[in-house]
Structures are given as structure tokens and as C-alpha cells.
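Asks: Contents of data_12.csv (CSV, C-alpha atoms) are below:
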```csv
chain,number,residue,atom,x,y,z
A,1,MET,CA,53.8,83.0,-7.7
A,2,ILE,CA,52.2,80.5,-5.6
A,3,GLY,CA,50.2,81.7,-2.7
A,4,VAL,CA,50.3,80.3,0.8
A,5,GLY,CA,48.3,77.1,1.1
A,6,ALA,CA,48.4,76.3,-2.6
A,7,THR,CA,49.2,72.8,-3.6
A,8,LEU,CA,51.7,72.0,-6.2
A,9,PHE,CA,51.3,68.3,-6.3
A,10,LYS,CA,48.7,65.9,-5.1
A,11,VAL,CA,50.3,62.7,-3.9
A,12,ALA,CA,48.1,59.6,-4.2
A,13,THR,CA,48.2,57.7,-0.9
A,14,THR,CA,46.8,54.4,0.0
A,15,VAL,CA,46.1,54.2,3.7
A,16,GLY,CA,45.1,50.9,5.2
A,17,ALA,CA,44.0,49.2,2.0
A,18,VAL,CA,41.8,46.3,3.1
A,19,PHE,CA,42.6,42.9,1.5
A,20,THR,CA,39.7,40.9,0.3
A,21,PRO,CA,40.0,37.5,-1.4
A,22,ALA,CA,38.0,38.9,-4.3
A,23,SER,CA,41.3,40.4,-5.4
A,24,LEU,CA,42.6,36.8,-5.9
A,25,PHE,CA,40.2,36.3,-8.8
A,26,ARG,CA,40.3,39.6,-10.5
A,27,ASN,CA,42.3,38.3,-13.4
A,28,GLY,CA,39.8,35.5,-14.2
A,29,GLU,CA,41.4,32.9,-12.0
A,30,GLN,CA,39.2,29.7,-11.7
A,31,GLY,CA,38.3,28.6,-8.2
A,32,ALA,CA,36.0,29.2,-5.3
A,33,TRP,CA,35.7,31.3,-2.2
A,34,TYR,CA,33.3,30.2,0.6
A,35,ASP,CA,32.7,32.6,3.4
A,36,PRO,CA,30.5,31.5,6.4
A,37,SER,CA,30.9,34.9,7.9
A,38,ASP,CA,28.8,36.3,5.1
A,39,LEU,CA,25.3,35.2,6.1
A,40,SER,CA,23.9,36.6,2.8
A,41,SER,CA,25.9,34.0,0.9
A,42,MET,CA,24.1,31.0,2.5
A,43,PHE,CA,20.7,29.5,2.4
A,44,GLN,CA,19.0,26.6,4.2
A,45,ASN,CA,17.9,24.8,1.1
A,46,SER,CA,20.0,23.5,-1.7
A,47,ASP,CA,18.1,25.4,-4.2
A,48,GLY,CA,19.2,28.7,-2.7
A,49,THR,CA,16.0,29.5,-0.8
A,50,THR,CA,15.3,30.3,2.9
A,51,ALA,CA,17.8,32.6,4.5
A,52,VAL,CA,20.0,31.3,7.3
A,53,ALA,CA,20.6,32.6,10.8
A,54,VAL,CA,23.0,31.2,13.3
A,55,GLY,CA,21.9,27.7,14.3
A,56,ASP,CA,20.3,26.9,10.9
A,57,PRO,CA,21.4,24.2,8.5
A,58,VAL,CA,23.3,25.3,5.4
A,59,GLY,CA,22.2,23.6,2.2
A,60,TYR,CA,23.7,26.2,-0.1
A,61,ILE,CA,26.8,28.4,0.1
A,62,ARG,CA,27.5,30.8,-2.7
A,63,ASP,CA,30.9,30.9,-4.3
A,64,LYS,CA,32.1,34.5,-3.8
A,65,SER,CA,34.9,34.3,-6.3
A,66,GLY,CA,32.5,35.1,-9.1
A,67,ASN,CA,33.1,31.7,-10.8
A,68,GLY,CA,29.6,30.3,-9.8
A,69,ASN,CA,31.0,27.2,-8.1
A,70,HIS,CA,28.3,27.2,-5.4
A,71,ALA,CA,28.3,24.3,-2.9
A,72,ILE,CA,25.2,22.5,-1.9
A,73,GLN,CA,23.7,19.6,0.1
A,74,ALA,CA,20.3,18.3,-1.0
A,75,THR,CA,19.9,15.8,1.9
A,76,SER,CA,18.7,17.7,5.0
A,77,ALA,CA,20.5,15.6,7.7
A,78,LYS,CA,23.8,16.0,5.8
A,79,ARG,CA,23.8,19.8,6.0
A,80,PRO,CA,26.3,21.5,8.2
A,81,THR,CA,25.0,24.0,10.8
A,82,LEU,CA,26.0,27.7,10.8
A,83,ARG,CA,27.4,28.6,14.2
A,84,GLU,CA,29.0,31.7,15.8
A,85,SER,CA,31.3,31.9,18.7
A,86,GLY,CA,33.3,34.9,19.8
A,87,GLY,CA,32.4,36.8,16.7
A,88,LEU,CA,33.7,34.1,14.4
A,89,TYR,CA,31.3,32.3,12.1
A,90,TYR,CA,31.8,28.7,11.0
A,91,LEU,CA,30.1,25.7,9.5
A,92,GLU,CA,29.8,22.9,12.1
A,93,PHE,CA,30.2,19.3,10.9
A,94,ASN,CA,29.3,16.6,13.4
A,95,GLY,CA,30.7,13.6,11.6
A,96,ALA,CA,27.9,13.0,9.1
A,97,GLN,CA,27.7,16.2,7.0
A,98,GLY,CA,29.2,17.5,3.8
A,99,LEU,CA,28.8,19.9,0.9
A,100,ARG,CA,29.6,19.5,-2.7
A,101,THR,CA,29.7,21.8,-5.7
A,102,ALA,CA,26.5,21.7,-7.7
A,103,SER,CA,28.5,21.1,-10.9
A,104,ASN,CA,32.1,20.5,-11.9
A,105,ILE,CA,34.8,23.1,-11.5
A,106,ASP,CA,36.8,23.2,-14.7
A,107,PHE,CA,40.5,23.3,-13.7
A,108,THR,CA,41.6,21.8,-17.0
A,109,GLY,CA,43.4,25.0,-18.0
A,110,THR,CA,46.3,24.8,-15.5
A,111,ASP,CA,48.4,22.4,-13.5
A,112,THR,CA,48.8,24.9,-10.7
A,113,MET,CA,46.8,25.2,-7.5
A,114,SER,CA,46.6,27.3,-4.3
A,115,ALA,CA,44.3,26.5,-1.4
A,116,PHE,CA,43.6,28.2,1.9
A,117,LEU,CA,41.5,26.6,4.6
A,118,GLY,CA,40.5,27.7,8.1
A,119,VAL,CA,39.6,24.6,10.0
A,120,LYS,CA,39.1,23.1,13.4
A,121,LYS,CA,39.2,19.3,13.8
A,122,ASP,CA,37.7,17.7,16.9
A,123,ASN,CA,39.3,14.3,16.4
A,124,ASP,CA,42.1,12.6,14.5
A,125,ASN,CA,40.0,10.2,12.5
A,126,ASN,CA,40.7,9.7,8.8
A,127,THR,CA,39.0,12.8,7.4
A,128,SER,CA,38.6,14.4,4.0
A,129,LEU,CA,38.5,18.1,4.7
A,130,VAL,CA,38.4,19.3,1.1
A,131,GLU,CA,38.6,16.9,-1.9
A,132,PHE,CA,38.5,17.8,-5.6
A,133,SER,CA,36.9,14.6,-6.8
A,134,ASN,CA,34.6,12.1,-5.1
A,135,THR,CA,37.7,10.1,-4.4
A,136,ILE,CA,41.2,11.3,-5.1
A,137,GLY,CA,42.3,7.7,-5.9
A,138,SER,CA,40.2,7.6,-9.1
A,139,GLY,CA,41.4,9.5,-12.1
A,140,SER,CA,44.0,12.2,-12.7
A,141,GLY,CA,44.2,15.9,-11.9
A,142,LYS,CA,42.8,15.9,-8.3
A,143,PHE,CA,43.8,17.4,-5.0
A,144,ARG,CA,42.8,17.1,-1.3
A,145,PHE,CA,43.3,18.4,2.2
A,146,ALA,CA,43.0,15.6,4.7
A,147,SER,CA,43.6,14.9,8.4
A,148,ASP,CA,44.3,11.6,10.1
A,149,ALA,CA,45.9,9.9,13.1
A,150,SER,CA,49.0,11.3,14.8
A,151,GLY,CA,47.7,14.8,14.3
A,152,LEU,CA,48.3,14.6,10.6
A,153,TYR,CA,47.4,17.2,8.1
A,154,ARG,CA,48.0,16.3,4.4
A,155,TRP,CA,47.9,18.1,1.1
A,156,SER,CA,47.7,15.7,-1.8
A,157,SER,CA,48.2,16.7,-5.5
A,158,ARG,CA,47.7,14.2,-8.3
A,159,GLY,CA,48.5,14.6,-11.9
A,160,THR,CA,48.6,11.0,-13.0
A,161,VAL,CA,50.6,10.1,-9.9
A,162,LEU,CA,49.7,11.0,-6.3
A,163,SER,CA,52.0,13.1,-4.2
A,164,ASN,CA,51.4,13.8,-0.4
A,165,ALA,CA,52.8,16.5,1.8
A,166,ASN,CA,52.3,15.3,5.4
A,167,SER,CA,52.7,17.1,8.6
A,168,THR,CA,52.1,15.4,12.0
A,169,GLY,CA,51.8,16.7,15.5
A,170,ASN,CA,48.7,18.8,15.2
A,171,ASP,CA,46.7,16.6,17.6
A,172,ALA,CA,43.0,17.2,17.9
A,173,PRO,CA,41.3,19.4,18.9
A,174,SER,CA,43.3,21.7,16.7
A,175,THR,CA,42.4,24.9,14.9
A,176,ASN,CA,44.6,25.9,12.0
A,177,VAL,CA,45.1,27.8,8.8
A,178,LEU,CA,46.1,25.4,6.1
A,179,THR,CA,47.7,26.6,2.9
A,180,ALA,CA,48.7,24.5,-0.1
A,181,GLN,CA,50.6,25.2,-3.2
A,182,SER,CA,51.1,22.7,-6.0
A,183,GLU,CA,52.2,22.4,-9.6
A,184,ILE,CA,52.0,19.0,-11.3
A,185,SER,CA,54.7,19.5,-14.0
A,186,GLU,CA,57.2,20.8,-11.5
A,187,ASP,CA,56.4,18.2,-8.8
A,188,LEU,CA,55.8,21.1,-6.4
A,189,ASN,CA,53.8,20.2,-3.3
A,190,ILE,CA,53.9,22.5,-0.3
A,191,LEU,CA,51.8,22.5,2.9
A,192,ARG,CA,51.8,25.4,5.2
A,193,ILE,CA,50.2,25.4,8.7
A,194,ASP,CA,49.5,28.7,10.5
A,195,GLY,CA,51.7,30.7,8.2
A,196,THR,CA,54.8,28.5,8.2
A,197,GLN,CA,55.9,25.8,5.8
A,198,ALA,CA,55.2,22.5,7.5
A,199,ALA,CA,55.8,19.9,4.8
A,200,SER,CA,56.7,19.5,1.2
A,201,SER,CA,57.1,16.7,-1.3
A,202,THR,CA,59.0,16.5,-4.6
A,203,THR,CA,57.4,13.1,-5.5
A,204,ASN,CA,56.7,12.9,-9.2
A,205,GLN,CA,53.1,13.9,-9.8
A,206,GLY,CA,53.0,12.6,-13.3
A,207,ASP,CA,51.5,14.6,-16.1
A,208,GLY,CA,48.7,16.8,-17.2
A,209,ASN,CA,46.6,19.6,-15.8
A,210,TYR,CA,44.0,19.4,-13.0
A,211,SER,CA,40.7,18.1,-14.1
A,212,SER,CA,37.0,19.1,-14.3
A,213,ASP,CA,35.3,17.6,-11.3
A,214,LEU,CA,33.2,18.1,-8.2
A,215,LEU,CA,34.6,19.7,-5.0
A,216,ASN,CA,33.7,18.0,-1.8
A,217,ILE,CA,33.8,19.9,1.5
A,218,GLY,CA,33.8,18.3,5.0
A,219,ALA,CA,33.6,14.7,3.7
A,220,ARG,CA,34.2,12.5,0.7
A,221,ASN,CA,31.7,11.8,-2.1
A,222,ASN,CA,28.8,14.1,-1.1
A,223,ALA,CA,29.0,13.2,2.6
A,224,LEU,CA,29.3,9.5,2.2
A,225,SER,CA,32.5,8.9,4.1
A,226,LEU,CA,35.6,10.3,5.8
A,227,HIS,CA,33.4,12.9,7.6
A,228,LEU,CA,34.8,15.9,9.4
A,229,THR,CA,33.9,16.4,13.0
A,230,GLY,CA,34.8,20.0,13.5
A,231,ARG,CA,34.4,23.4,11.9
A,232,ILE,CA,35.2,25.2,8.6
A,233,TYR,CA,35.7,28.9,8.9
A,234,SER,CA,36.9,29.8,5.4
A,235,LEU,CA,37.9,28.2,2.2
A,236,ILE,CA,39.6,29.7,-0.9
A,237,ILE,CA,40.9,27.8,-3.9
A,238,ARG,CA,42.4,29.3,-7.0
A,239,ASN,CA,44.1,27.7,-10.0
A,240,VAL,CA,47.4,29.6,-9.9
A,241,LEU,CA,50.4,29.6,-7.7
A,242,SER,CA,50.1,32.5,-5.3
A,243,SER,CA,52.8,35.1,-4.8
A,244,ASP,CA,54.4,35.5,-1.4
A,245,ALA,CA,52.4,38.7,-0.9
A,246,GLU,CA,49.2,36.9,-1.8
A,247,ILE,CA,49.9,34.1,0.5
A,248,ASN,CA,50.7,36.4,3.4
A,249,SER,CA,47.5,38.5,2.8
A,250,THR,CA,45.3,35.5,2.4
A,251,GLU,CA,46.7,33.6,5.4
A,252,ALA,CA,46.1,36.7,7.5
A,253,TYR,CA,42.6,37.0,6.2
A,254,VAL,CA,41.8,33.3,6.9
A,255,ALA,CA,43.4,33.5,10.3
A,256,SER,CA,41.2,36.5,11.2
A,257,LYS,CA,38.2,34.5,10.2
A,258,THR,CA,39.4,31.4,12.1
A,259,GLY,CA,40.7,33.0,15.3
A,260,VAL,CA,44.3,31.8,14.7
A,261,SER,CA,47.3,34.0,15.5
A,262,LEU,CA,50.0,33.7,12.9
B,1,MET,CA,11.5,23.6,10.5
B,2,ASN,CA,14.4,21.3,11.4
B,3,THR,CA,14.9,18.8,14.2
B,4,TYR,CA,18.5,18.0,15.0
B,5,ALA,CA,18.8,14.3,15.7
B,6,THR,CA,20.8,11.1,15.3
B,7,ILE,CA,18.6,8.3,14.0
B,8,ILE,CA,19.8,4.7,13.6
B,9,VAL,CA,18.1,1.9,11.8
B,10,ALA,CA,18.9,-1.8,11.8
B,11,ASN,CA,20.2,-3.2,8.5
B,12,ALA,CA,16.9,-5.0,8.0
B,13,ASN,CA,15.0,-1.8,8.1
B,14,LYS,CA,17.4,0.3,6.0
B,15,ALA,CA,15.5,0.0,2.7
B,16,ASP,CA,12.1,0.8,4.2
B,17,ALA,CA,13.5,3.8,6.1
B,18,GLN,CA,15.1,5.1,2.9
B,19,ALA,CA,11.8,4.6,1.1
B,20,LEU,CA,10.3,7.0,3.5
B,21,VAL,CA,12.8,9.8,3.3
B,22,GLY,CA,15.2,9.1,0.5
B,23,GLU,CA,18.1,6.9,-0.5
B,24,THR,CA,20.7,9.5,0.5
B,25,PHE,CA,19.7,8.9,4.2
B,26,PHE,CA,21.1,6.0,6.3
B,27,ASP,CA,24.2,5.5,4.2
B,28,ILE,CA,26.7,5.6,7.0
B,29,LEU,CA,27.5,2.1,8.3
B,30,LEU,CA,27.7,1.2,12.0
B,31,LYS,CA,28.6,-2.1,13.6
B,32,LYS,CA,27.9,-3.7,16.9
B,33,GLY,CA,29.5,-7.1,17.0
B,34,LEU,CA,28.3,-8.8,13.8
B,35,ARG,CA,25.2,-6.7,13.5
B,36,LYS,CA,25.0,-3.8,11.0
B,37,TYR,CA,23.2,-0.6,11.5
B,38,TRP,CA,22.9,2.6,9.4
B,39,VAL,CA,22.8,6.2,10.7
B,40,SER,CA,21.8,9.6,9.7
B,41,SER,CA,22.6,12.5,12.0
B,42,GLY,CA,22.0,16.2,11.6
B,43,PRO,CA,19.2,18.7,10.9
B,44,PHE,CA,16.3,16.6,9.6
B,45,LEU,CA,13.3,18.4,8.2
B,46,THR,CA,10.7,18.1,10.9
B,47,THR,CA,8.4,16.3,8.5
B,48,GLU,CA,11.1,13.7,7.8
B,49,TYR,CA,11.8,13.3,11.5
B,50,ASN,CA,8.1,12.8,12.3
B,51,LEU,CA,7.8,10.3,9.5
B,52,LEU,CA,10.7,8.3,10.9
B,53,VAL,CA,9.5,8.5,14.5
B,54,ASP,CA,6.1,7.3,13.5
B,55,SER,CA,7.3,4.5,11.2
B,56,GLY,CA,8.5,2.2,13.9
B,57,LEU,CA,11.5,1.4,11.8
B,58,THR,CA,14.1,3.1,13.9
B,59,HIS,CA,16.5,1.3,16.3
B,60,ALA,CA,17.5,4.5,18.2
B,61,ILE,CA,16.6,8.2,18.1
B,62,ASN,CA,18.7,10.7,20.0
B,63,THR,CA,18.2,14.4,20.0
B,64,GLU,CA,20.5,15.3,22.9
B,65,ASP,CA,24.0,13.9,22.3
B,66,SER,CA,26.6,14.3,19.6
B,67,LEU,CA,26.8,11.6,17.0
B,68,ALA,CA,30.0,10.3,18.5
B,69,ASP,CA,28.6,10.2,22.0
B,70,CYS,CA,25.4,8.5,20.7
B,71,ILE,CA,27.3,5.8,18.9
B,72,LEU,CA,29.6,5.3,21.9
B,73,SER,CA,26.7,5.0,24.3
B,74,LEU,CA,25.1,2.3,22.1
B,75,GLY,CA,28.3,0.3,22.0
B,76,MET,CA,28.6,0.8,18.2
B,77,THR,CA,31.5,1.7,16.0
B,78,LYS,CA,31.4,3.8,12.9
B,79,VAL,CA,32.9,1.9,9.9
B,80,ILE,CA,35.4,4.0,8.0
B,81,GLU,CA,34.8,3.3,4.3
B,82,GLU,CA,37.3,4.9,2.0
```
In C-alpha cells, write the structure found in this file.
Replies:
Amino acid sequence: MIGVGATLFKVATTVGAVFTPASLFRNGEQGAWYDPSDLSSMFQNSDGTTAVAVGDPVGYIRDKSGNGNHAIQATSAKRPTLRESGGLYYLEFNGAQGLRTASNIDFTGTDTMSAFLGVKKDNDNNTSLVEFSNTIGSGSGKFRFASDASGLYRWSSRGTVLSNANSTGNDAPSTNVLTAQSEISEDLNILRIDGTQAASSTTNQGDGNYSSDLLNIGARNNALSLHLTGRIYSLIIRNVLSSDAEINSTEAYVASKTGVSL
Amino acid sequence: MNTYATIIVANANKADAQALVGETFFDILLKKGLRKYWVSSGPFLTTEYNLLVDSGLTHAINTEDSLADCILSLGMTKVIEE
């Protein structure tokens, strides 16, 4: 006999589970997650000292993926500035800044890659937004997000041969969520913009896995050239192809950090 | 402390300016006609900024405008080096 109010079964329910990019790395995926909205993850100096407030230069941003791929800038004038507008936090690059990982990221274990970037570009100059390598043209196993004239966004993936997925028409100033998926052996190269596939390429990417190299953010070769004039709100990179559900969740997350409606 | 500035040096003063603050400064090339200049722009440490201001090596110092506006106002162009 079961009395009134007794419970036979307890049903586990998940209500409003909040997605966090940390879940993208729970299986040991290699990569990086940079989050300018988390002020505790940034410091003014490249050795990880002196906390930042809005308006301060950022010389160190911690990789929140757990992989230890922190990005730094040792030269003071090349440090981006932490800004906030409308509740959104971003790194401001004025055309002479850039960050680079303190050491190589080892992507040699796979030939697959996913990348998510929340970005605003203020001009359509030839710009290296994110580049795995000091220059993608040298060596194998590299990738890059770029922007250029004609409102172009580009995802490049290179095994031993370079493949570009280009989408034009996003004229500056433009704020976007960029997503890329690539796989060298399958010649897969897909660029999504604001939640929609915008370009793809089946060009032969050659052979091999991605390499072990430095990751540059906001410019090429430790802020030497191809500088971004604009903002970076969020950046996530992982060495696997992401599922549709992962893409949807991550794009929604980056969009919320970037102020883009998908 | 930081001082946000755009500082330009003539090609002839590049090495001396770098000797003051480091070789990773003034590595972005500008041109005005045939003349070459080098720029650093961003949050200088105030000690670095003061060193450069006091050095007499600078061609231009601008703490008000964006890098793009500063270059434009001086009639210079940024050289895109891939």
C-alpha cells in the first residue's frame, strides 16, 4: 500500500542545462579556449602578473580549455586592450597588436580541426585573424582565419597543400561568428558565418596531420604584419570535427559573447 | 602605468630607438614617398614612452588619434608585408 504523496519513481530531469565550452575538451581534445569576458583569465604582463580591468592592456590570456596553451605578448605596445561595451567584453586591436601562444600547440595527433571565432573587423585590409603558424605558407599542417578586400572571410587548411574556403560580401565594419571545420585526409574545408554555411572547398589538402606550432591571434608572426583593426570576443579551437549539436551550442555561445543574433 | 600612443621614427633613427626600448618595437614599416618610417602603436609602458619622448629620436608622437587616422594625417601609408 502506497500512501498519498508517496513517490514510486524519481525521474531525473535536466532543466536548462547551461552549455560551456569546457565540455568541448572533456575527452582530452587538444586546443584552446580564450575568453575575454573572464577577467580572471587575463593579466597585463606576459608573465601572468598584474590583474586587468577594462581599459588595460592584455599581455597574457589563459587558455581555459585546460591544455595550457596560454597566449601572451611580451612587447608592451603590441598588447591588445580589454574593452567592454553593452555588457560584452572584447580584446581591441588597433592595427599593430597581436598575441601568440607561449609555446607550440601539438596538433600532430589528428588531421581534423574545429574553430569558432567571435570577431569584429573595422576594415577590409588583408588581415590574419587567427593563424596556426607564423606564416601558413611555410610548412605543413597549418590553418588560418583571415579577412581581406571585398568583405572576404577565409578559412585555410593546409596538409601539404593549401585549401581556402572563401566568402565575400561581409564588408567592414562587420561583426560575425566564424566557424570552421576541416579534415586534411578528406579534403574537407567548411566555413560558416553567423550559423550558416557560407563557403566550402574540396581542394586537395595533401597529406599528414596538423603540426606542432605557435598560434597567432590578431596578426601574423607575433604582431609583425597583417594586423587586425577590430575586436576579438571569443576564440575556441579543438582538434576534432564537431558534431552538429556541438556546433550549434558553440555558435550560440560565441554569438552571445559577440552580440550577434544567429 | 601605460601610455597609449602612436610613435613613429624615421628609418635613420630606427636602430637607436630600438636600442632604447627593444628590437620588437618599430617593426611596422610606413612609407611617405620614398622615405621609410617605422611605427609602434599601443599601450607603451610609461617608462618606455618617457624614454622615447626624451630621446629626440621620434618623428611623430600622437596620443589622441587611432593608428589609421594618425598615419593618414601624416600622409603616410602602412606597408603590407606578408
Asks: Go ahead and find all residues with at least one atom no further than 10 Å from (40.1, 22.5, -18.5) in the file's coordinates, using all atoms listed in the file; report them as a list of chain:residue names.
Replies: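 Residues satisfying the cut-off, written out: A:Gln30, A:Ile105, A:Asp106, A:Phe107, A:Thr108, A:Gly109, A:Thr110, A:Asp111, A:Asn209, A:Tyr210, A:Ser211, A:Ser212, A:Asp213.
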Asks: With only C-alpha atoms considered, list every residue of chain B at most 10 Å from chain A, as a ChimeraX atom specification.
Replies: /B:1-7,21-29,39-46,48-49,66-68,78-82
Asks: Store the residues picked out above in a file with C-alpha atoms, as a compact mmCIF listing (two decimals), in the frame of the given file.
Replies:
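The result, stored in again_8.txt:
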```txt
# COMPACT_ATOMS: atom_id res chain seq x y z
CA MET B 1 11.50 23.60 10.50
CA ASN B 2 14.40 21.30 11.40
CA THR B 3 14.90 18.80 14.20
CA TYR B 4 18.50 18.00 15.00
CA ALA B 5 18.80 14.30 15.70
CA THR B 6 20.80 11.10 15.30
CA ILE B 7 18.60 8.30 14.00
CA VAL B 21 12.80 9.80 3.30
CA GLY B 22 15.20 9.10 0.50
CA GLU B 23 18.10 6.90 -0.50
CA THR B 24 20.70 9.50 0.50
CA PHE B 25 19.70 8.90 4.20
CA PHE B 26 21.10 6.00 6.30
CA ASP B 27 24.20 5.50 4.20
CA ILE B 28 26.70 5.60 7.00
CA LEU B 29 27.50 2.10 8.30
CA VAL B 39 22.80 6.20 10.70
CA SER B 40 21.80 9.60 9.70
CA SER B 41 22.60 12.50 12.00
CA GLY B 42 22.00 16.20 11.60
CA PRO B 43 19.20 18.70 10.90
CA PHE B 44 16.30 16.60 9.60
CA LEU B 45 13.30 18.40 8.20
CA THR B 46 10.70 18.10 10.90
CA GLU B 48 11.10 13.70 7.80
CA TYR B 49 11.80 13.30 11.50
CA SER B 66 26.60 14.30 19.60
CA LEU B 67 26.80 11.60 17.00
CA ALA B 68 30.00 10.30 18.50
CA LYS B 78 31.40 3.80 12.90
CA VAL B 79 32.90 1.90 9.90
CA ILE B 80 35.40 4.00 8.00
CA GLU B 81 34.80 3.30 4.30
CA GLU B 82 37.30 4.90 2.00
```
Asks: Using only C-alpha atoms for the distances, tell me which of A:Leu188, A:Leu241, A:Val161, A:Ile136 is nearest to A:Ser201.
Replies: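 Ranking A:Leu188, A:Leu241, A:Val161, A:Ile136 by distance to A:Ser201, first place goes to A:Leu188.
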Asks: Calculate how many Å separate atom CA of A:Thr250 from atom CA of A:Gly206, rounding to one decimal.
Replies: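 Those two atoms sit 28.8 Å apart.
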Asks: Work out how far apart atom CA of A:Gly68 and atom CA of A:Ala180 are and give it in Å to one decimal.
Replies: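 Separation of atom CA of A:Gly68 and atom CA of A:Ala180: 22.2 Å.
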Asks: Mind checking which residues fall within 6 Å of A:Ala115, counting all atoms listed in the file, ignoring those fewer than 5 positions away in the same chain, and posting them as a PDB file with C-alpha atoms, in the coordinates of the input?
Replies:
```pdb
ATOM      1  CA  THR A 179      47.700  26.600   2.900  1.00  0.00           C
ATOM      2  CA  ALA A 180      48.700  24.500  -0.100  1.00  0.00           C
ATOM      3  CA  ILE A 236      39.600  29.700  -0.900  1.00  0.00           C
ATOM      4  CA  ILE A 237      40.900  27.800  -3.900  1.00  0.00           C
TER       5      ILE A 237
END
```
